[in-house]
Amino acid sequence: MSDLYIGLMSGTSLDGVDAVVADFSTPRPTVLGHSSAALPSALRAELLALNTSGTDELHRAALAANALVRLYARQVQALLAQCDLDASQVRALGAHGQTVRHRPQEFDGTGYTLQLNNPALLAELCGIDVVADFRSRDVAAGGQGAPLVPPFHRAFFGDPAQVLGVLNIGGIANLTVLDPQQQDLIGFDCGPGNALMDAWCLAHTGQPFDESGRWAAQGMVDGTLLEHMLANAYFALPPPKSTGRDLFNPAWLAAQRPRVDSLAPADVQATLAELTARSCALSVQSAAPECKSLYVCGGGAYNQHLMERLQVALPQCQVLSTLAAGLPPLQVEACAFAWLARQTVRGETSSVTSVTGARGGRILGAIYRA
């Protein structure tokens, strides 16, 4: 039976969809193809709006999920054509969906996590078994439901000779610590990644992101604002922990002191970049003081200014793109969801108690047969 899987990822940054087809027939998976597409501006705006309460949410969310799935399906077709594959040759595809709310353990003790998706429609459009809804079983078992990618990071990047870290900087930043001497895997959300920077950049320049961090590099870090933001209780929480736009959003930024509207916009951007760099560096220093190599993936790996600030904050550690370890930054998360889909199809657990805090490992995801 085929060991080819497709992974689809649209992350918290809302910058686009990445899709890969991965071959798991060898001990280390091989990416055979990669396709990506930006989210149409109207869909991106709607998905962003659905992160907060609004009118007619159920109707709008259902239609947004359909639109997102049609974009997913186009990327799958592009991948199949690129790799000269037929849908019948792919065992399954993993589709994470778009997170719009993430509130584990809140309200009633269980809480919830919500990813907009329509896996039934995706199975219809692609003719491939779809694995979706990866987070909710872990949340039902008392876990955070995030991050889910550390086991894949261990499978792909683990090195028996050294302690290293894998840092994904999407809308939210999450860290995986790979220590060959530790049986328990460590992984957690550090805090904001690109989400606050992107929102500020869009509001003040009209651009969806700060390319290479050039605008942030022109500003000056406001030390008072930075320390006020770093004083947020989330940063001091011990793992397991996860977060999202539910906490780190423009309203949170507007509530900071000094008021951000009293500062030069470029200085706020520089301070937000420093917030991401410092909070990630503090996470590495507390969870992996012996870490010598930090591999960065996600869109943040292409922010040269942010990468430089990370290196300054971690002088004992070499900060590198995951490309140096054999997997380009924009392929890592999509490949992880191909791996997670494979775990589900094989009936193998993929949640890790030491990462999410769940009562035990669980088989994640639901399968929609084509």
# chains A, B, ... in the order shown; residues from 1 in each chain; ligands from 1

call {"tool": "residues_around", "arguments": {"residues": "Val221 in chain A", "least_positions_apart": "6", "cutoff": "12 Å", "atoms": "only C-alpha atoms", "output": "NGL selection string"}}
result
:A and (227 or 263-275 or 278 or 309)

call {"tool": "write_last_selection", "arguments": {"atoms": "N, CA and C atoms", "output": "PDB file, in the first residue's frame"}}
result
ATOM      1  N   GLU A 227       9.079  45.741  28.196  1.00  0.00           N
ATOM      2  CA  GLU A 227       9.010  45.116  29.517  1.00  0.00           C
ATOM      3  C   GLU A 227       7.570  44.958  29.984  1.00  0.00           C
ATOM      4  N   LEU A 263       3.526  56.339  20.217  1.00  0.00           N
ATOM      5  CA  LEU A 263       4.878  56.054  19.754  1.00  0.00           C
ATOM      6  C   LEU A 263       4.936  56.084  18.232  1.00  0.00           C
ATOM      7  N   ALA A 264       6.140  56.274  17.699  1.00  0.00           N
ATOM      8  CA  ALA A 264       6.324  56.198  16.253  1.00  0.00           C
ATOM      9  C   ALA A 264       5.995  54.783  15.790  1.00  0.00           C
ATOM     10  N   PRO A 265       5.214  54.620  14.717  1.00  0.00           N
ATOM     11  CA  PRO A 265       4.825  53.275  14.272  1.00  0.00           C
ATOM     12  C   PRO A 265       6.007  52.340  14.043  1.00  0.00           C
ATOM     13  N   ALA A 266       7.113  52.846  13.488  1.00  0.00           N
ATOM     14  CA  ALA A 266       8.273  51.981  13.247  1.00  0.00           C
ATOM     15  C   ALA A 266       8.879  51.510  14.566  1.00  0.00           C
ATOM     16  N   ASP A 267       8.786  52.348  15.607  1.00  0.00           N
ATOM     17  CA  ASP A 267       9.318  51.945  16.912  1.00  0.00           C
ATOM     18  C   ASP A 267       8.462  50.829  17.525  1.00  0.00           C
ATOM     19  N   VAL A 268       7.150  50.908  17.324  1.00  0.00           N
ATOM     20  CA  VAL A 268       6.285  49.826  17.808  1.00  0.00           C
ATOM     21  C   VAL A 268       6.620  48.536  17.069  1.00  0.00           C
ATOM     22  N   GLN A 269       6.828  48.625  15.747  1.00  0.00           N
ATOM     23  CA  GLN A 269       7.169  47.429  14.981  1.00  0.00           C
ATOM     24  C   GLN A 269       8.482  46.831  15.472  1.00  0.00           C
ATOM     25  N   ALA A 270       9.476  47.670  15.739  1.00  0.00           N
ATOM     26  CA  ALA A 270      10.757  47.184  16.261  1.00  0.00           C
ATOM     27  C   ALA A 270      10.571  46.510  17.616  1.00  0.00           C
ATOM     28  N   THR A 271       9.680  47.066  18.433  1.00  0.00           N
ATOM     29  CA  THR A 271       9.448  46.513  19.765  1.00  0.00           C
ATOM     30  C   THR A 271       8.701  45.185  19.686  1.00  0.00           C
ATOM     31  N   LEU A 272       7.768  45.073  18.731  1.00  0.00           N
ATOM     32  CA  LEU A 272       7.057  43.806  18.550  1.00  0.00           C
ATOM     33  C   LEU A 272       8.004  42.710  18.055  1.00  0.00           C
ATOM     34  N   ALA A 273       8.917  43.066  17.166  1.00  0.00           N
ATOM     35  CA  ALA A 273       9.914  42.088  16.721  1.00  0.00           C
ATOM     36  C   ALA A 273      10.781  41.644  17.890  1.00  0.00           C
ATOM     37  N   GLU A 274      11.142  42.610  18.737  1.00  0.00           N
ATOM     38  CA  GLU A 274      11.959  42.275  19.905  1.00  0.00           C
ATOM     39  C   GLU A 274      11.182  41.415  20.891  1.00  0.00           C
ATOM     40  N   LEU A 275       9.871  41.660  21.015  1.00  0.00           N
ATOM     41  CA  LEU A 275       9.028  40.830  21.885  1.00  0.00           C
ATOM     42  C   LEU A 275       9.068  39.380  21.427  1.00  0.00           C
ATOM     43  N   ARG A 278      12.700  38.009  22.052  1.00  0.00           N
ATOM     44  CA  ARG A 278      13.025  37.834  23.471  1.00  0.00           C
ATOM     45  C   ARG A 278      12.212  36.710  24.097  1.00  0.00           C
ATOM     46  N   ARG A 309      17.903  39.296  15.560  1.00  0.00           N
ATOM     47  CA  ARG A 309      17.604  39.580  16.968  1.00  0.00           C
ATOM     48  C   ARG A 309      17.592  38.298  17.792  1.00  0.00           C
TER      49      ARG A 309
END

call {"tool": "residues_around", "arguments": {"residues": "Ile172 in chain A", "least_positions_apart": "2", "cutoff": "7 Å", "atoms": "only C-alpha atoms", "output": "PyMOL selection string"}}
result
chain A and resi 12+169-170+174+191-195+244

call {"tool": "write_last_selection", "arguments": {"atoms": "N, CA and C atoms", "output": "JSON list (two decimals), in the first residue's frame"}}
result
[["chain", "number", "residue", "atom", "x", "y", "z"],
["A", 12, "THR", "N", -1.73, 30.34, 11.84],
["A", 12, "THR", "CA", -2.29, 31.50, 12.52],
["A", 12, "THR", "C", -1.90, 32.81, 11.87],
["A", 169, "ILE", "N", 7.98, 29.83, 13.84],
["A", 169, "ILE", "CA", 7.47, 31.19, 14.01],
["A", 169, "ILE", "C", 6.42, 31.43, 12.93],
["A", 170, "GLY", "N", 5.18, 31.08, 13.26],
["A", 170, "GLY", "CA", 4.05, 31.44, 12.44],
["A", 170, "GLY", "C", 3.38, 32.63, 13.09],
["A", 174, "ASN", "N", 6.10, 28.50, 18.46],
["A", 174, "ASN", "CA", 6.17, 27.33, 19.35],
["A", 174, "ASN", "C", 7.54, 26.67, 19.25],
["A", 191, "GLY", "N", 4.67, 32.23, 22.64],
["A", 191, "GLY", "CA", 3.95, 33.50, 22.66],
["A", 191, "GLY", "C", 3.74, 33.97, 21.24],
["A", 192, "PRO", "N", 3.62, 35.28, 21.04],
["A", 192, "PRO", "CA", 3.36, 35.77, 19.68],
["A", 192, "PRO", "C", 4.55, 35.52, 18.76],
["A", 193, "GLY", "N", 4.22, 35.18, 17.51],
["A", 193, "GLY", "CA", 5.25, 35.06, 16.48],
["A", 193, "GLY", "C", 5.13, 36.25, 15.56],
["A", 194, "ASN", "N", 4.45, 36.05, 14.42],
["A", 194, "ASN", "CA", 4.27, 37.13, 13.46],
["A", 194, "ASN", "C", 2.95, 37.87, 13.60],
["A", 195, "ALA", "N", 2.00, 37.35, 14.37],
["A", 195, "ALA", "CA", 0.63, 37.88, 14.34],
["A", 195, "ALA", "C", 0.57, 39.36, 14.67],
["A", 244, "GLY", "N", -2.87, 31.76, 21.50],
["A", 244, "GLY", "CA", -3.27, 32.11, 20.15],
["A", 244, "GLY", "C", -3.71, 33.55, 20.08]]

call {"tool": "residues_around", "arguments": {"residues": "Ala81 in chain A", "least_positions_apart": "4", "cutoff": "12 Å", "atoms": "only C-alpha atoms", "output": "PyMOL selection string"}}
result
chain A and resi 21+32-35+74-77+85-87

call {"tool": "write_last_selection", "arguments": {"atoms": "C-alpha atoms", "output": "mmCIF file, in the first residue's frame"}}
result
data_model
loop_
_atom_site.group_PDB
_atom_site.id
_atom_site.type_symbol
_atom_site.label_atom_id
_atom_site.label_comp_id
_atom_site.auth_asym_id
_atom_site.auth_seq_id
_atom_site.Cartn_x
_atom_site.Cartn_y
_atom_site.Cartn_z
ATOM 1 C CA VAL A 21 3.362 15.414 -0.707
ATOM 2 C CA LEU A 32 8.354 15.045 -3.304
ATOM 3 C CA GLY A 33 6.598 18.311 -4.007
ATOM 4 C CA HIS A 34 5.494 21.612 -2.468
ATOM 5 C CA SER A 35 2.754 23.993 -3.519
ATOM 6 C CA ARG A 74 -6.580 23.519 -5.777
ATOM 7 C CA GLN A 75 -3.254 23.076 -4.012
ATOM 8 C CA VAL A 76 -3.749 19.307 -3.900
ATOM 9 C CA GLN A 77 -4.438 19.238 -7.637
ATOM 10 C CA LEU A 85 0.695 11.431 -9.366
ATOM 11 C CA ASP A 86 -2.863 10.193 -9.451
ATOM 12 C CA ALA A 87 -5.105 10.720 -6.439
#

call {"tool": "residues_around", "arguments": {"residues": "range 358-368 of chain A", "least_positions_apart": "3", "cutoff": "10 Å", "atoms": "only C-alpha atoms", "output": "PyMOL selection string"}}
result
chain A and resi 92-96+119-124+128-145+148+240+340-341+343-355

call {"tool": "write_last_selection", "arguments": {"atoms": "N, CA and C atoms", "output": "CSV table (one decimal), in the first residue's frame"}}
result
chain,number,residue,atom,x,y,z
A,92,ALA,N,-3.6,9.2,2.1
A,92,ALA,CA,-4.5,10.1,2.7
A,92,ALA,C,-3.9,11.5,2.8
A,93,LEU,N,-4.7,12.5,3.1
A,93,LEU,CA,-4.1,13.9,3.2
A,93,LEU,C,-4.6,14.4,4.6
A,94,GLY,N,-3.7,15.1,5.2
A,94,GLY,CA,-4.0,15.7,6.5
A,94,GLY,C,-4.3,17.2,6.3
A,95,ALA,N,-5.4,17.6,6.8
A,95,ALA,CA,-5.9,19.0,6.6
A,95,ALA,C,-6.2,19.6,8.0
A,96,HIS,N,-5.3,20.5,8.4
A,96,HIS,CA,-5.4,21.1,9.8
A,96,HIS,C,-6.6,22.0,9.9
A,119,PRO,N,-13.8,18.9,5.9
A,119,PRO,CA,-13.1,17.7,5.4
A,119,PRO,C,-14.0,16.8,4.5
A,120,ALA,N,-15.3,16.8,4.7
A,120,ALA,CA,-16.2,16.0,3.8
A,120,ALA,C,-16.1,16.6,2.4
A,121,LEU,N,-16.2,17.9,2.3
A,121,LEU,CA,-16.1,18.6,1.0
A,121,LEU,C,-14.7,18.3,0.3
A,122,LEU,N,-13.7,18.4,1.2
A,122,LEU,CA,-12.3,18.2,0.7
A,122,LEU,C,-12.2,16.8,0.1
A,123,ALA,N,-12.7,15.8,0.8
A,123,ALA,CA,-12.7,14.4,0.3
A,123,ALA,C,-13.4,14.3,-1.1
A,124,GLU,N,-14.6,15.0,-1.2
A,124,GLU,CA,-15.3,15.0,-2.4
A,124,GLU,C,-14.5,15.6,-3.6
A,128,ILE,N,-9.5,11.7,-2.2
A,128,ILE,CA,-8.5,11.1,-1.4
A,128,ILE,C,-9.0,11.1,0.1
A,129,ASP,N,-8.8,10.1,0.8
A,129,ASP,CA,-9.1,10.1,2.2
A,129,ASP,C,-8.6,11.3,3.0
A,130,VAL,N,-9.4,11.9,3.8
A,130,VAL,CA,-9.0,13.1,4.5
A,130,VAL,C,-8.9,12.9,6.0
A,131,VAL,N,-7.9,13.3,6.6
A,131,VAL,CA,-7.8,13.2,8.1
A,131,VAL,C,-7.8,14.7,8.6
A,132,ALA,N,-8.7,15.0,9.5
A,132,ALA,CA,-8.9,16.3,10.0
A,132,ALA,C,-9.2,16.3,11.5
A,133,ASP,N,-9.4,17.5,12.1
A,133,ASP,CA,-9.8,17.6,13.5
A,133,ASP,C,-8.8,17.0,14.4
A,134,PHE,N,-7.5,17.4,14.3
A,134,PHE,CA,-6.5,16.8,15.0
A,134,PHE,C,-6.4,17.2,16.5
A,135,ARG,N,-6.9,18.4,16.8
A,135,ARG,CA,-6.7,18.9,18.2
A,135,ARG,C,-7.7,18.5,19.2
A,136,SER,N,-9.0,18.2,18.8
A,136,SER,CA,-10.1,18.2,19.8
A,136,SER,C,-10.0,16.9,20.7
A,137,ARG,N,-9.4,15.8,20.2
A,137,ARG,CA,-9.3,14.6,21.1
A,137,ARG,C,-8.4,14.9,22.2
A,138,ASP,N,-7.3,15.6,21.9
A,138,ASP,CA,-6.3,15.9,23.0
A,138,ASP,C,-7.0,16.8,24.0
A,139,VAL,N,-7.7,17.8,23.6
A,139,VAL,CA,-8.4,18.7,24.5
A,139,VAL,C,-9.4,17.9,25.3
A,140,ALA,N,-10.2,17.0,24.7
A,140,ALA,CA,-11.1,16.1,25.4
A,140,ALA,C,-10.4,15.3,26.5
A,141,ALA,N,-9.2,15.0,26.3
A,141,ALA,CA,-8.4,14.2,27.3
A,141,ALA,C,-7.7,15.1,28.3
A,142,GLY,N,-8.1,16.4,28.3
A,142,GLY,CA,-7.5,17.3,29.3
A,142,GLY,C,-6.3,18.0,28.9
A,143,GLY,N,-6.0,17.9,27.6
A,143,GLY,CA,-4.7,18.5,27.1
A,143,GLY,C,-5.0,19.9,26.5
A,144,GLN,N,-3.9,20.5,26.1
A,144,GLN,CA,-3.9,21.8,25.4
A,144,GLN,C,-4.3,21.7,24.0
A,145,GLY,N,-4.2,20.5,23.4
A,145,GLY,CA,-4.4,20.4,21.9
A,145,GLY,C,-3.4,21.1,21.1
A,148,LEU,N,1.0,20.4,18.3
A,148,LEU,CA,1.0,19.0,17.8
A,148,LEU,C,2.2,18.5,17.1
A,240,PRO,N,3.0,22.3,30.3
A,240,PRO,CA,2.4,22.5,29.0
A,240,PRO,C,1.6,23.8,29.0
A,340,LEU,N,1.1,13.4,10.7
A,340,LEU,CA,0.1,13.2,11.7
A,340,LEU,C,-1.1,12.4,11.0
A,341,ALA,N,-1.4,12.7,9.8
A,341,ALA,CA,-2.4,11.9,9.0
A,341,ALA,C,-2.0,10.5,9.0
A,343,GLN,N,-0.1,8.8,11.1
A,343,GLN,CA,-0.2,8.3,12.4
A,343,GLN,C,-1.7,7.8,12.6
A,344,THR,N,-2.6,8.7,12.2
A,344,THR,CA,-4.0,8.4,12.4
A,344,THR,C,-4.4,7.2,11.5
A,345,VAL,N,-4.0,7.1,10.3
A,345,VAL,CA,-4.4,6.0,9.4
A,345,VAL,C,-3.8,4.7,10.0
A,346,ARG,N,-2.6,4.8,10.5
A,346,ARG,CA,-2.0,3.6,11.1
A,346,ARG,C,-2.5,3.2,12.5
A,347,GLY,N,-3.3,4.0,13.1
A,347,GLY,CA,-3.9,3.8,14.4
A,347,GLY,C,-2.9,4.0,15.5
A,348,GLU,N,-1.9,4.9,15.3
A,348,GLU,CA,-0.9,5.2,16.2
A,348,GLU,C,-1.1,6.5,16.9
A,349,THR,N,-0.7,6.6,18.2
A,349,THR,CA,-0.9,7.8,18.9
A,349,THR,C,0.1,8.9,18.4
A,350,SER,N,-0.3,10.1,18.5
A,350,SER,CA,0.6,11.2,18.1
A,350,SER,C,0.5,12.4,19.0
A,351,SER,N,-0.3,12.3,20.0
A,351,SER,CA,-0.3,13.3,21.1
A,351,SER,C,0.7,12.9,22.2
A,352,VAL,N,1.4,13.8,22.8
A,352,VAL,CA,2.4,13.5,23.8
A,352,VAL,C,2.0,14.2,25.1
A,353,THR,N,1.9,13.4,26.2
A,353,THR,CA,1.4,14.0,27.5
A,353,THR,C,2.4,15.1,28.0
A,354,SER,N,3.7,14.9,27.8
A,354,SER,CA,4.6,15.9,28.3
A,354,SER,C,4.5,17.2,27.6
A,355,VAL,N,3.9,17.2,26.4
A,355,VAL,CA,3.8,18.4,25.6
A,355,VAL,C,2.4,19.1,25.8

call {"tool": "atom_distance", "arguments": {"atom1": "CA of Ala61 in chain A", "atom2": "CA of Asp210 in chain A"}}
result
28.2 Å

call {"tool": "select_by_dssp", "arguments": {"residues": "range 122-284 of chain A", "states": "strand (DSSP E)", "output": "MDAnalysis selection string"}}
result
chainID A and resid 130:132 164:169 172:178 186:192

call {"tool": "select_by_dssp", "arguments": {"residues": "range 6-194 of chain A", "states": "alpha helix (DSSP H)", "output": "ChimeraX atom specification"}}
result
/A:41-49,57-83,119-126,136-140,150-157

call {"tool": "residues_around", "arguments": {"residues": "Phe157 in chain A", "least_positions_apart": "4", "cutoff": "12 Å", "atoms": "only C-alpha atoms", "output": "ChimeraX atom specification"}}
result
/A:28-29,149-153,161-167,176-180,293-297,322-327,332,336

call {"tool": "atom_distance", "arguments": {"atom1": "CA of Glu46 in chain A", "atom2": "CA of Ser10 in chain A"}}
result
14.1 Å

call {"tool": "residues_around", "arguments": {"residues": "range 228-235 of chain A", "least_positions_apart": "3", "cutoff": "10 Å", "atoms": "only C-alpha atoms", "output": "list in words"}}
result
Asp189, Cys190, Gly191, Gly223, Thr224, Leu225, Pro238, Pro239, Lys241, Ser242, Thr243, Leu247, Trp252, Leu253, Ala255, Gln256, Arg257, Pro258, Thr271, Leu272, Leu275, Thr276, Arg278, Ser279, Cys280, Leu282 and Ser283 of chain A

call {"tool": "residues_around", "arguments": {"residues": "Ala49 in chain A", "least_positions_apart": "4", "cutoff": "12 Å", "atoms": "only C-alpha atoms", "output": "list of chain:residue names"}}
result
A:Leu14, A:Ala42, A:Leu43, A:Arg44, A:Ala45, A:Ser53, A:Gly54, A:Thr55, A:Asp56, A:Glu57, A:Arg60, A:Ala61, A:Ala64, A:Thr99, A:Val100, A:Arg101, A:Arg245, A:Asp246, A:Asn249, A:Pro250
